[in-house]
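Here the structure is laid out as structure tokens; the discussion comes afterwards.
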Amino acid sequence: MPHDRHPRRIVVISDFCDGWLMPSQVASLEEAAASWRSGERGPAPGTAYGLDISEKPAVVGGYLERLPLAAVRQGLCDTAEIWSFSAQPTLPPWSVEPPGLTRRSFRPDDPGSRPFSSTDMLGHIAAFGPPDILCVWGLGVDASILEACSTSVRIYNSIDAPALRVSDDVGRHFDIVLTGAEWQSEEVERRHPGMLTAIMPIGPEFASPETFFPLPLEKIYDVVYVAAAQAYKKHEVLFDALAQMPFSTRALCVCGYGELGDALRARVRELGISVDFVGPPGVGFAEVNRLMNLARVGVVCGEEDGAPAILTEYMLAGLPVLANSRLTCGLQFITPPTGRSAGQDQFSAVLQAMLANLDDFRPRETVLRNWSWPHSAKRFATVVEDAQKHKAALAADRTGVMVGPNCQREH
């Protein structure tokens, strides 16, 4: 990279907040900016800490990590960061994990209010400038942060069944919304006419073959379900199907978080079916990959759900997927080589057929051809370029300069 060029940054803002008790103690924007410039809150942005900037980071981890790391590998940016929030009594931490990805935490002004406002985050932006690409996921941030990043390409994805989980006053500041299905794009465009959209659910699209892959392990489970122990994941679809199976079928449920762990275990005992549980709390990605490799088929049972990252994670581990046919986002990843979909009344019969015909599927090969991160990173670069052209055209229109036609929306 030439020394006279400012490193291009991509920042992903998660709506995760560690703790709920400690409001911001930042007195002013100037105070926040000064604390960031002093270095007491961690190093300034602009280098890939833990990795020489000329090196390319591995695209590993979960859906939060894989998109920014893929953007660096694609050459779209030089450095990547993930920002979240902390309301713990101690100073919010920073870290580098995995190499090439800097993580920072910021004080929310009010940890009980979403979307978050944060004088602390505004101070960082004032101190070092906005990133080149700003990605905001989930419940988002307030309009003041998006306004401070007006020169950034600002991208939103809800990571859930609702297309937009932010108010229209916040949503109007985004340059592009990534969606999980055509109906979501239509909803975004209805609420924000002219908004650029792209069907690119960040979980399954930025699949990481380096994180999830086959292992030479004995298949001791017929079925695995990796899903939070929460109601919207609809574990009952799997449990009822297991109760209807004409032969003994063994399942594994891996729960990263959620409040229903005890209730799910109680339901399994009530039905008398064979289900083992891991978590909550959850385990790391390497262990999730190992656990998936102990099974023959992966399932996705939810309906009102975003496009779950686990869809292609199962597939990369070599497992075909049985998905609920009422899944609102993500069924485009269920194709003849990767799996089947079925309603609740047919889940048991389709699962039986899949277990009897596992050689019919080629899940990993299909993901590698279509949805692994190198493919999605190229598409993402095109989406960013379209947004840059669109911003330039709008700016030119405002100044009265003649411009060409706006770029086309990608569906």
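So you can find residues: chains in the structure tokens are A, B, ... in the order shown, residues in each start at 1, and ligands are numbered from 1 in order.
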Find the residues around range 221-224 of chain A up to 7 Å (only C-alpha atoms counted), leave out those fewer than 6 positions away in its own chain, and share them as a VMD selection string. chain A and resid 249 to 253 292 294 to 299
Within 10 Å of Thr328 in chain A using only C-alpha atoms, minus same-chain residues under 5 positions, as an MDAnalysis selection string: chainID A and resid 160:162 180:181 183:184 302:307
For Asp168 in chain A, the closest of A:Ile13, A:Asp109, A:Arg362, A:Pro193 counting only C-alpha atoms is A:Pro193
Nearest to Thr179 in chain A: which of A:Gln332, A:Ser117, A:Thr197, A:Ser167 is it, counting only C-alpha atoms?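 Closest residue, counting only C-alpha atoms: A:Thr197.
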Name the residues in contact with Pro108 in chain A at a cut-off of 9 Å, using only C-alpha atoms, excluding same-chain residues fewer than 4 positions from it; report them as a ChimeraX atom specification. /A:17,22-24,85-87,112-113,116-121
Between range 205-237 of chain A and range 266-290 of chain A, at 8 Å or less, what are the per-residue closest atom pairs and their distances in Å? Count only C-alpha atoms, order by chain and rising residue number, and return it as CSV.
```
residue,atom,partner,partner_atom,distance
A:Thr211,CA,A:Phe285,CA,7.1
A:Phe212,CA,A:Asn289,CA,5.6
A:Phe213,CA,A:Asn289,CA,7.0
A:Leu215,CA,A:Arg290,CA,7.2
A:Ala228,CA,A:Pro280,CA,8.0
A:Ala229,CA,A:Pro280,CA,7.4
```
Atom pair CA of Arg41 in chain A / CA of Pro92 in chain A: separation (Å):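 One can read the CA of Arg41 in chain A to CA of Pro92 in chain A distance as 7.9 Å.
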Could you check the closest approach to Ala349 in chain A for each of A:Gln88, A:Gln244, A:Asn157, A:Thr151 and tell me which residue wins, using only C-alpha atoms?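 Residue with the minimum atom-to-atom distance to Ala349 in chain A: A:Gln244.
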Which residues of range 106-215 of chain A sit at most 12 Å from range 73-79 of chain A, using only C-alpha atoms? Give each one's shortest atom pair and distance in Å (one decimal place), in chain and ascending residue order, as CSV.
```
residue,atom,partner,partner_atom,distance
A:Pro131,CA,A:Thr79,CA,9.9
A:Asp132,CA,A:Cys77,CA,8.1
A:Ile133,CA,A:Cys77,CA,8.4
A:Leu134,CA,A:Cys77,CA,11.5
```
